[in-house]
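Below is the file work_1.cif, which contains mmCIF, C-alpha atoms and all ligand atoms.
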```cif
data_work
#
loop_
_atom_site.label_atom_id
_atom_site.label_comp_id
_atom_site.auth_asym_id
_atom_site.auth_seq_id
_atom_site.Cartn_x
_atom_site.Cartn_y
_atom_site.Cartn_z
CA MET A 1 13.52 2.06 -1.84
CA ILE A 2 12.32 -1.54 -1.47
CA LYS A 3 14.49 -4.61 -1.61
CA VAL A 4 12.87 -7.99 -1.25
CA SER A 5 15.41 -10.82 -1.12
CA ASN A 6 14.48 -14.49 -1.29
CA VAL A 7 11.24 -13.91 0.54
CA SER A 8 8.88 -16.77 1.31
CA LYS A 9 5.78 -16.86 3.45
CA VAL A 10 4.73 -20.26 4.72
CA TYR A 11 1.57 -21.15 6.60
CA SER A 12 1.54 -24.43 8.52
CA LEU A 13 -1.76 -26.13 7.88
CA GLU A 14 -3.02 -29.53 8.92
CA SER A 15 -2.54 -30.65 5.36
CA GLY A 16 1.11 -29.53 5.49
CA ASP A 17 3.08 -26.39 4.71
CA PHE A 18 1.43 -23.92 2.37
CA TYR A 19 3.63 -21.42 0.56
CA ALA A 20 1.71 -18.16 0.05
CA LEU A 21 4.94 -16.68 -1.36
CA LYS A 22 7.87 -18.65 -2.72
CA ASP A 23 11.38 -17.23 -2.78
CA ASN A 24 10.68 -13.89 -4.43
CA ASN A 25 13.08 -11.08 -5.28
CA ILE A 26 11.95 -7.55 -6.05
CA HIS A 27 13.70 -4.20 -6.26
CA ILE A 28 11.59 -1.08 -6.36
CA LYS A 29 13.21 2.31 -6.81
CA LYS A 30 12.13 5.53 -5.18
CA GLY A 31 9.37 7.17 -7.21
CA GLU A 32 8.17 4.05 -9.00
CA PHE A 33 4.45 3.31 -9.31
CA VAL A 34 4.11 -0.47 -9.30
CA ALA A 35 0.93 -2.44 -9.87
CA ILE A 36 0.73 -5.99 -8.49
CA MET A 37 -1.64 -8.21 -10.43
CA GLY A 38 -2.56 -11.88 -10.35
CA PRO A 39 -5.42 -14.27 -9.63
CA SER A 40 -7.25 -14.47 -6.31
CA GLY A 41 -5.14 -16.30 -3.74
CA SER A 42 -1.89 -15.75 -5.61
CA GLY A 43 -0.23 -13.89 -2.72
CA LYS A 44 -0.73 -10.21 -3.61
CA SER A 45 -2.08 -9.06 -0.23
CA THR A 46 0.45 -11.22 1.57
CA LEU A 47 3.24 -9.49 -0.32
CA LEU A 48 1.83 -6.05 0.47
CA GLN A 49 1.53 -6.91 4.16
CA LEU A 50 5.14 -7.97 4.24
CA LEU A 51 6.27 -4.76 2.50
CA GLY A 52 4.36 -2.71 5.08
CA GLY A 53 5.64 -4.60 8.10
CA LEU A 54 2.15 -5.84 8.98
CA ASP A 55 3.60 -9.33 8.93
CA LEU A 56 7.11 -10.77 8.69
CA PRO A 57 8.39 -13.23 6.07
CA SER A 58 9.04 -16.85 7.03
CA THR A 59 12.41 -16.64 5.29
CA GLY A 60 14.24 -13.96 3.39
CA ASN A 61 14.83 -10.25 3.90
CA ILE A 62 12.92 -7.07 3.30
CA VAL A 63 14.46 -3.61 3.41
CA VAL A 64 12.21 -0.57 3.02
CA ASP A 65 13.64 2.94 2.95
CA ASP A 66 16.87 1.69 4.54
CA VAL A 67 15.01 -0.10 7.33
CA GLN A 68 15.64 -3.84 7.56
CA LEU A 69 12.30 -5.22 8.75
CA ASN A 70 13.50 -8.59 10.01
CA GLY A 71 14.59 -8.28 13.57
CA LEU A 72 12.60 -5.16 14.42
CA SER A 73 10.75 -5.35 17.72
CA GLU A 74 6.95 -5.00 17.77
CA LYS A 75 7.39 -1.42 18.92
CA GLU A 76 9.87 -0.61 16.15
CA LEU A 77 7.59 -2.20 13.57
CA THR A 78 4.69 -0.06 14.76
CA GLN A 79 6.84 3.04 14.46
CA PHE A 80 7.98 1.93 10.99
CA ARG A 81 4.38 1.49 9.82
CA ARG A 82 3.28 4.76 11.32
CA THR A 83 6.04 6.93 9.90
CA LYS A 84 7.27 5.31 6.71
CA VAL A 85 4.21 3.76 5.11
CA GLY A 86 0.74 4.94 4.18
CA PHE A 87 -1.79 2.12 3.86
CA VAL A 88 -4.91 2.25 1.71
CA PHE A 89 -7.35 -0.68 1.66
CA GLN A 90 -10.28 -1.76 -0.46
CA ASN A 91 -12.78 -1.23 2.38
CA TYR A 92 -11.23 2.09 3.51
CA GLN A 93 -10.76 0.91 7.13
CA LEU A 94 -11.90 4.17 8.67
CA LEU A 95 -12.94 4.16 12.32
CA PRO A 96 -16.73 4.66 12.30
CA MET A 97 -16.97 6.39 15.69
CA MET A 98 -14.41 9.01 14.76
CA THR A 99 -14.91 12.04 12.56
CA VAL A 100 -13.13 12.48 9.26
CA GLY A 101 -10.70 14.87 10.94
CA GLU A 102 -9.99 12.47 13.80
CA ASN A 103 -9.45 9.59 11.39
CA ILE A 104 -6.93 11.61 9.42
CA ALA A 105 -5.20 12.72 12.62
CA LEU A 106 -4.80 9.22 14.09
CA SER A 107 -1.12 8.66 13.47
CA LEU A 108 -0.27 12.28 14.27
CA SER A 109 -2.02 11.98 17.64
CA ALA A 110 -0.33 8.64 18.27
CA ASN A 111 3.00 10.37 17.67
CA ASN A 112 2.09 13.19 20.07
CA ALA A 113 1.90 15.96 17.48
CA SER A 114 0.76 19.30 18.91
CA LYS A 115 -2.85 20.46 18.54
CA GLU A 116 -1.76 23.23 16.17
CA LYS A 117 0.24 20.82 14.02
CA ILE A 118 -2.70 18.42 13.83
CA LYS A 119 -5.12 21.21 12.95
CA SER A 120 -2.99 22.63 10.14
CA THR A 121 -2.05 19.20 8.73
CA VAL A 122 -5.64 17.96 8.70
CA SER A 123 -6.90 21.09 7.00
CA GLN A 124 -4.13 20.92 4.36
CA LEU A 125 -4.84 17.22 3.71
CA LEU A 126 -8.59 17.80 3.44
CA SER A 127 -7.93 20.38 0.79
CA ASP A 128 -5.44 18.08 -0.99
CA VAL A 129 -8.11 15.39 -1.34
CA LYS A 130 -10.86 17.91 -2.05
CA LEU A 131 -12.90 17.28 1.07
CA GLU A 132 -12.94 20.76 2.54
CA GLY A 133 -15.78 21.17 5.01
CA LYS A 134 -16.13 17.44 5.75
CA GLU A 135 -13.86 17.42 8.80
CA SER A 136 -16.61 16.97 11.41
CA GLN A 137 -18.64 14.41 9.50
CA PHE A 138 -18.55 10.71 10.22
CA PRO A 139 -17.39 8.18 7.60
CA SER A 140 -20.91 6.75 7.24
CA GLN A 141 -22.07 10.17 6.05
CA LEU A 142 -19.69 10.10 3.07
CA SER A 143 -19.79 8.33 -0.29
CA GLY A 144 -17.41 5.47 -1.00
CA GLY A 145 -15.16 7.67 -3.12
CA GLN A 146 -15.07 10.31 -0.40
CA GLN A 147 -14.28 7.70 2.27
CA GLN A 148 -11.41 6.43 0.19
CA ARG A 149 -10.09 9.99 -0.13
CA VAL A 150 -10.21 10.28 3.66
CA ALA A 151 -8.24 7.03 3.83
CA ILE A 152 -5.65 8.48 1.46
CA ALA A 153 -5.45 11.69 3.50
CA ARG A 154 -4.93 9.58 6.61
CA ALA A 155 -2.21 7.61 4.81
CA LEU A 156 -0.45 10.87 3.95
CA ALA A 157 -0.58 12.40 7.43
CA MET A 158 2.95 11.36 8.41
CA LYS A 159 4.37 12.27 4.99
CA PRO A 160 5.34 8.70 4.08
CA LYS A 161 7.62 8.08 1.13
CA LEU A 162 5.72 4.87 0.38
CA ILE A 163 2.05 4.16 -0.16
CA LEU A 164 0.81 0.57 -0.17
CA ALA A 165 -2.67 0.22 -1.62
CA ASP A 166 -4.60 -3.06 -1.71
CA GLU A 167 -7.38 -2.84 -4.32
CA PRO A 168 -8.01 0.86 -3.56
CA THR A 169 -10.65 1.10 -6.29
CA GLY A 170 -12.19 -2.33 -5.64
CA ASN A 171 -15.36 -0.99 -3.99
CA LEU A 172 -15.78 2.05 -6.22
CA ASP A 173 -17.62 2.74 -9.43
CA GLN A 174 -15.76 3.78 -12.58
CA ILE A 175 -15.82 7.54 -11.95
CA ASN A 176 -14.82 7.36 -8.28
CA GLY A 177 -12.21 4.75 -9.09
CA GLU A 178 -10.66 7.04 -11.66
CA GLY A 179 -10.65 9.87 -9.12
CA ILE A 180 -8.65 7.73 -6.69
CA LEU A 181 -6.23 6.59 -9.39
CA ASN A 182 -5.68 10.19 -10.49
CA LEU A 183 -4.99 11.20 -6.92
CA LEU A 184 -2.47 8.40 -6.43
CA SER A 185 -0.88 9.26 -9.75
CA LYS A 186 -0.55 12.90 -8.75
CA LEU A 187 1.07 11.96 -5.42
CA ASN A 188 3.48 9.76 -7.31
CA GLN A 189 4.41 12.34 -9.92
CA GLU A 190 4.36 15.55 -7.93
CA ASP A 191 5.61 14.34 -4.55
CA GLN A 192 7.72 11.37 -5.73
CA ILE A 193 5.87 9.06 -3.36
CA THR A 194 6.61 5.45 -4.24
CA ILE A 195 3.40 3.49 -4.74
CA VAL A 196 2.76 -0.23 -4.74
CA MET A 197 -0.84 -0.99 -5.63
CA VAL A 198 -2.56 -4.35 -5.82
CA THR A 199 -5.32 -4.42 -8.41
CA HIS A 200 -7.42 -6.90 -10.34
CA ASP A 201 -8.21 -4.28 -12.90
CA LEU A 202 -5.96 -4.05 -15.93
CA GLN A 203 -7.25 -0.58 -16.65
CA ALA A 204 -6.35 0.58 -13.13
CA ALA A 205 -2.91 -0.95 -13.55
CA GLN A 206 -2.30 1.34 -16.51
CA VAL A 207 -1.57 4.28 -14.18
CA ALA A 208 1.46 2.35 -12.92
CA ASN A 209 4.78 2.38 -14.74
CA ARG A 210 5.52 -1.20 -13.88
CA ILE A 211 3.35 -4.28 -13.54
CA ILE A 212 4.39 -7.27 -11.45
CA THR A 213 2.31 -10.38 -11.98
CA VAL A 214 2.09 -12.99 -9.24
CA ARG A 215 0.79 -16.52 -9.58
CA ASP A 216 0.79 -19.24 -6.92
CA GLY A 217 3.15 -17.21 -4.74
CA LEU A 218 5.65 -16.63 -7.53
CA ILE A 219 6.42 -13.54 -9.58
CA ILE A 220 5.91 -14.73 -13.11
CA GLU A 221 6.26 -11.43 -14.90
CA ASP A 222 7.78 -8.04 -14.13
CA GLY A 223 7.42 -5.42 -16.82
CA VAL A 224 8.32 -1.75 -16.97
CA LYS A 225 5.97 0.18 -19.21
CA GLY A 226 7.57 1.58 -22.31
CA GLY A 227 10.76 -0.25 -21.40
CA HIS A 228 11.99 -3.78 -21.21
CA HIS A 229 9.70 -6.64 -20.32
CA ASN A 230 11.24 -9.22 -18.06
CA GLU A 231 10.25 -12.82 -17.81
CA THR A 232 11.69 -13.52 -14.40
CA MET A 233 12.11 -17.22 -15.05
CA ALA A 234 14.09 -16.49 -18.16
CA ASN A 235 16.13 -14.01 -16.17
CA ARG A 236 16.95 -16.56 -13.54
CA MET A 237 18.12 -19.01 -16.14
CA ALA A 238 20.14 -16.44 -18.09
N1 LIG B 1 -3.30 -16.75 7.86
C1 LIG B 1 -3.30 -17.60 6.84
N2 LIG B 1 -3.25 -18.93 7.04
C2 LIG B 1 -3.23 -19.78 6.00
N3 LIG B 1 -3.24 -19.42 4.70
C3 LIG B 1 -3.29 -18.12 4.44
C4 LIG B 1 -3.33 -17.13 5.48
N4 LIG B 1 -3.36 -15.90 4.90
C5 LIG B 1 -3.36 -16.12 3.57
N5 LIG B 1 -3.33 -17.44 3.29
C6 LIG B 1 -3.32 -18.06 1.96
O1 LIG B 1 -2.28 -17.47 1.20
C7 LIG B 1 -2.68 -17.35 -0.16
C8 LIG B 1 -2.46 -15.92 -0.63
O2 LIG B 1 -3.39 -15.07 0.02
P1 LIG B 1 -3.52 -13.54 -0.38
O3 LIG B 1 -4.51 -12.93 0.56
O4 LIG B 1 -2.17 -12.95 -0.40
O5 LIG B 1 -4.10 -13.62 -1.84
P2 LIG B 1 -4.47 -12.44 -2.87
O6 LIG B 1 -3.61 -12.61 -4.06
O7 LIG B 1 -4.42 -11.14 -2.15
O8 LIG B 1 -5.96 -12.81 -3.25
P3 LIG B 1 -7.24 -11.85 -3.53
O9 LIG B 1 -7.06 -11.33 -4.93
O10 LIG B 1 -8.40 -12.77 -3.44
O11 LIG B 1 -7.26 -10.77 -2.50
C9 LIG B 1 -4.12 -17.80 -0.24
O12 LIG B 1 -4.17 -19.10 -0.76
C10 LIG B 1 -4.59 -17.78 1.19
O13 LIG B 1 -5.56 -18.77 1.43
MG MG B 2 -5.87 -9.75 -1.58
#
```
Whole structure, structure tokens version:
Amino acid sequence: MIKVSNVSKVYSLESGDFYALKDNNIHIKKGEFVAIMGPSGSGKSTLLQLLGGLDLPSTGNIVVDDVQLNGLSEKELTQFRRTKVGFVFQNYQLLPMMTVGENIALSLSANNASKEKIKSTVSQLLSDVKLEGKESQFPSQLSGGQQQRVAIARALAMKPKLILADEPTGNLDQINGEGILNLLSKLNQEDQITIVMVTHDLQAAQVANRIITVRDGLIIEDGVKGGHHNETMANRMA
């Protein structure tokens, strides 16, 4: 599903080159639920942005769902993001001037879906995330947990096989956070959607079946729950 090969991300600063990611390798299979953990500034969001084609690596290769991201044109990258990936962010990123329904329909409209298709998809998604009746409301009229469910519905609109979530429960209280984690878990288990989720919260990471730990731009641990536990350094030396 995802193959990251020797990927680095370098920022040129006045003080010299800064490596946000250093020569990382990751394989993620279809249907996995992976949590990315690590301290602030360790490169988690950078990694997620690269996986979603929001940014390109400085060196190395990324293949997602048989699409090699390096070398795609801006237009192809936009199409990749729109059709293959659903993004969910900590601050929801809903457009405030658009209704819930319009927010969910964004990528469908951008891809010229018919009015009927948009109507039926939006109403199905609203029911999937238990927000029936909220279609004409504006994001500011919803609770944080509800807004995040709109964001998830929007992410699902194009039926992506991959969801990338950056701290999706970061702004939510315990109960709402659990609601979002349960929803992601259900999408993973029932629809085999591959999920990569950045989280600071060890409890949130427990819904994943694999935890990748990043520190200073390096994967320092990669463990499958209930299975083997890899120390990547040890692996490299073996
Ligand atoms: N555009 C940029 N220019 C220079 N440095 C950057 C840029 N974007 C990110 N960085 C640096 O790359 C490093 C990794 O950033 P990243 O946002 O991936 O961290 P993170 O693990 O997501 O942290 P947090 O948990 O705080 O969200 C940080 O040290 C950051 O300052
Ligand atoms: Mg981050």
Show me which residues are within 12 Å of ligand LIG 1 (chain B) counting only C-alpha atoms and all ligand atoms, and format the list as a ChimeraX atom specification.
/A:8-22,36-50,55,89-90,165-168,170,197-201,213-219
Please, could you write that set of residues out with C-alpha atoms as a compact mmCIF listing (two decimals), keeping the file's coordinate frame?
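Generated file (result.txt):
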```txt
# COMPACT_ATOMS: atom_id res chain seq x y z
CA SER A 8 8.88 -16.77 1.31
CA LYS A 9 5.78 -16.86 3.45
CA VAL A 10 4.73 -20.26 4.72
CA TYR A 11 1.57 -21.15 6.60
CA SER A 12 1.54 -24.43 8.52
CA LEU A 13 -1.76 -26.13 7.88
CA GLU A 14 -3.02 -29.53 8.92
CA SER A 15 -2.54 -30.65 5.36
CA GLY A 16 1.11 -29.53 5.49
CA ASP A 17 3.08 -26.39 4.71
CA PHE A 18 1.43 -23.92 2.37
CA TYR A 19 3.63 -21.42 0.56
CA ALA A 20 1.71 -18.16 0.05
CA LEU A 21 4.94 -16.68 -1.36
CA LYS A 22 7.87 -18.65 -2.72
CA ILE A 36 0.73 -5.99 -8.49
CA MET A 37 -1.64 -8.21 -10.43
CA GLY A 38 -2.56 -11.88 -10.35
CA PRO A 39 -5.42 -14.27 -9.63
CA SER A 40 -7.25 -14.47 -6.31
CA GLY A 41 -5.14 -16.30 -3.74
CA SER A 42 -1.89 -15.75 -5.61
CA GLY A 43 -0.23 -13.89 -2.72
CA LYS A 44 -0.73 -10.21 -3.61
CA SER A 45 -2.08 -9.06 -0.23
CA THR A 46 0.45 -11.22 1.57
CA LEU A 47 3.24 -9.49 -0.32
CA LEU A 48 1.83 -6.05 0.47
CA GLN A 49 1.53 -6.91 4.16
CA LEU A 50 5.14 -7.97 4.24
CA ASP A 55 3.60 -9.33 8.93
CA PHE A 89 -7.35 -0.68 1.66
CA GLN A 90 -10.28 -1.76 -0.46
CA ALA A 165 -2.67 0.22 -1.62
CA ASP A 166 -4.60 -3.06 -1.71
CA GLU A 167 -7.38 -2.84 -4.32
CA PRO A 168 -8.01 0.86 -3.56
CA GLY A 170 -12.19 -2.33 -5.64
CA MET A 197 -0.84 -0.99 -5.63
CA VAL A 198 -2.56 -4.35 -5.82
CA THR A 199 -5.32 -4.42 -8.41
CA HIS A 200 -7.42 -6.90 -10.34
CA ASP A 201 -8.21 -4.28 -12.90
CA THR A 213 2.31 -10.38 -11.98
CA VAL A 214 2.09 -12.99 -9.24
CA ARG A 215 0.79 -16.52 -9.58
CA ASP A 216 0.79 -19.24 -6.92
CA GLY A 217 3.15 -17.21 -4.74
CA LEU A 218 5.65 -16.63 -7.53
CA ILE A 219 6.42 -13.54 -9.58
```
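Close to (-6.4, 13.2, 17.9), meaning no more than 10 Å away when counting all atoms listed in the file, sit the residues Met98, Gly101, Glu102, Asn103, Ile104, Ala105, Leu106, Ser107, Leu108, Ser109, Ala110, Asn111, Asn112, Ala113, Ser114, Lys115, Ile118 and Lys119 of chain A.
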When you look at stretch 61-67 of chain A with a cut-off of 8 Å (counting only C-alpha atoms), what residues show up, excluding the ones that are within fewer than 3 positions of it in the same chain? I need them as a count of residues only.
12
Would you kindly return, as number ranges by chain, each protein, DNA or RNA residue with an atom no farther than 10 Å from any atom of A:Leu183, considering only C-alpha atoms and excluding same-chain residues fewer than 4 positions away?
A: 128-129, 149, 152, 177-179, 187-189
Just give me the gap between atom CA of A:Leu54 and atom CA of A:Thr78 in Å, one decimal is fine.
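Going from atom CA of A:Leu54 over to atom CA of A:Thr78, I get 8.6 Å.
One distance worth recording is that between atom CA of A:Ser136 and atom CA of A:Asp173, which is 25.3 Å.
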Coordinates-based distance that separates atom CA of A:Ala151 from atom CA of A:Glu76 (Å, one decimal):
23.2 Å
Which is closer to ligand MG 2 (chain B) than all the others in A:Asn91, A:Ser127, A:Gln79, A:Asn182, using only C-alpha atoms and all ligand atoms?
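Result for the nearest residue to ligand MG 2 (chain B): A:Asn91.
When only C-alpha atoms are used to measure the gap to A:Gly86, the shortest distance among A:Lys30, A:Lys161, A:Lys117, A:Lys130 belongs to A:Lys161.
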Kindly provide, as a PDB file with C-alpha atoms, in the coordinates of the input, the polymer residues lying within 12 Å of (-1.3, 8.5, -10.5), counting all atoms listed in the file and using the coordinates exactly as they appear in the file.
```
ATOM      1  CA  GLY A  31       9.370   7.170  -7.210  1.00  0.00           C
ATOM      2  CA  GLU A  32       8.170   4.050  -9.000  1.00  0.00           C
ATOM      3  CA  PHE A  33       4.450   3.310  -9.310  1.00  0.00           C
ATOM      4  CA  VAL A  34       4.110  -0.470  -9.300  1.00  0.00           C
ATOM      5  CA  ALA A  35       0.930  -2.440  -9.870  1.00  0.00           C
ATOM      6  CA  ILE A 163       2.050   4.160  -0.160  1.00  0.00           C
ATOM      7  CA  GLY A 177     -12.210   4.750  -9.090  1.00  0.00           C
ATOM      8  CA  GLU A 178     -10.660   7.040 -11.660  1.00  0.00           C
ATOM      9  CA  GLY A 179     -10.650   9.870  -9.120  1.00  0.00           C
ATOM     10  CA  ILE A 180      -8.650   7.730  -6.690  1.00  0.00           C
ATOM     11  CA  LEU A 181      -6.230   6.590  -9.390  1.00  0.00           C
ATOM     12  CA  ASN A 182      -5.680  10.190 -10.490  1.00  0.00           C
ATOM     13  CA  LEU A 183      -4.990  11.200  -6.920  1.00  0.00           C
ATOM     14  CA  LEU A 184      -2.470   8.400  -6.430  1.00  0.00           C
ATOM     15  CA  SER A 185      -0.880   9.260  -9.750  1.00  0.00           C
ATOM     16  CA  LYS A 186      -0.550  12.900  -8.750  1.00  0.00           C
ATOM     17  CA  LEU A 187       1.070  11.960  -5.420  1.00  0.00           C
ATOM     18  CA  ASN A 188       3.480   9.760  -7.310  1.00  0.00           C
ATOM     19  CA  GLN A 189       4.410  12.340  -9.920  1.00  0.00           C
ATOM     20  CA  GLU A 190       4.360  15.550  -7.930  1.00  0.00           C
ATOM     21  CA  ASP A 191       5.610  14.340  -4.550  1.00  0.00           C
ATOM     22  CA  GLN A 192       7.720  11.370  -5.730  1.00  0.00           C
ATOM     23  CA  ILE A 193       5.870   9.060  -3.360  1.00  0.00           C
ATOM     24  CA  THR A 194       6.610   5.450  -4.240  1.00  0.00           C
ATOM     25  CA  ILE A 195       3.400   3.490  -4.740  1.00  0.00           C
ATOM     26  CA  VAL A 196       2.760  -0.230  -4.740  1.00  0.00           C
ATOM     27  CA  MET A 197      -0.840  -0.990  -5.630  1.00  0.00           C
ATOM     28  CA  ALA A 204      -6.350   0.580 -13.130  1.00  0.00           C
ATOM     29  CA  ALA A 205      -2.910  -0.950 -13.550  1.00  0.00           C
ATOM     30  CA  GLN A 206      -2.300   1.340 -16.510  1.00  0.00           C
ATOM     31  CA  VAL A 207      -1.570   4.280 -14.180  1.00  0.00           C
ATOM     32  CA  ALA A 208       1.460   2.350 -12.920  1.00  0.00           C
ATOM     33  CA  ASN A 209       4.780   2.380 -14.740  1.00  0.00           C
TER      34      ASN A 209
END
```
For A:Phe138, please output as a list in words all residues within 9 Å (counting all atoms listed in the file; exclusion window: fewer than 2 positions along the same chain).
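Contacts, in chain order: Leu95, Pro96, Met97, Met98, Thr99, Val100, Gly101, Lys134, Glu135, Ser136, Ser140, Gln141 and Leu142 of chain A.
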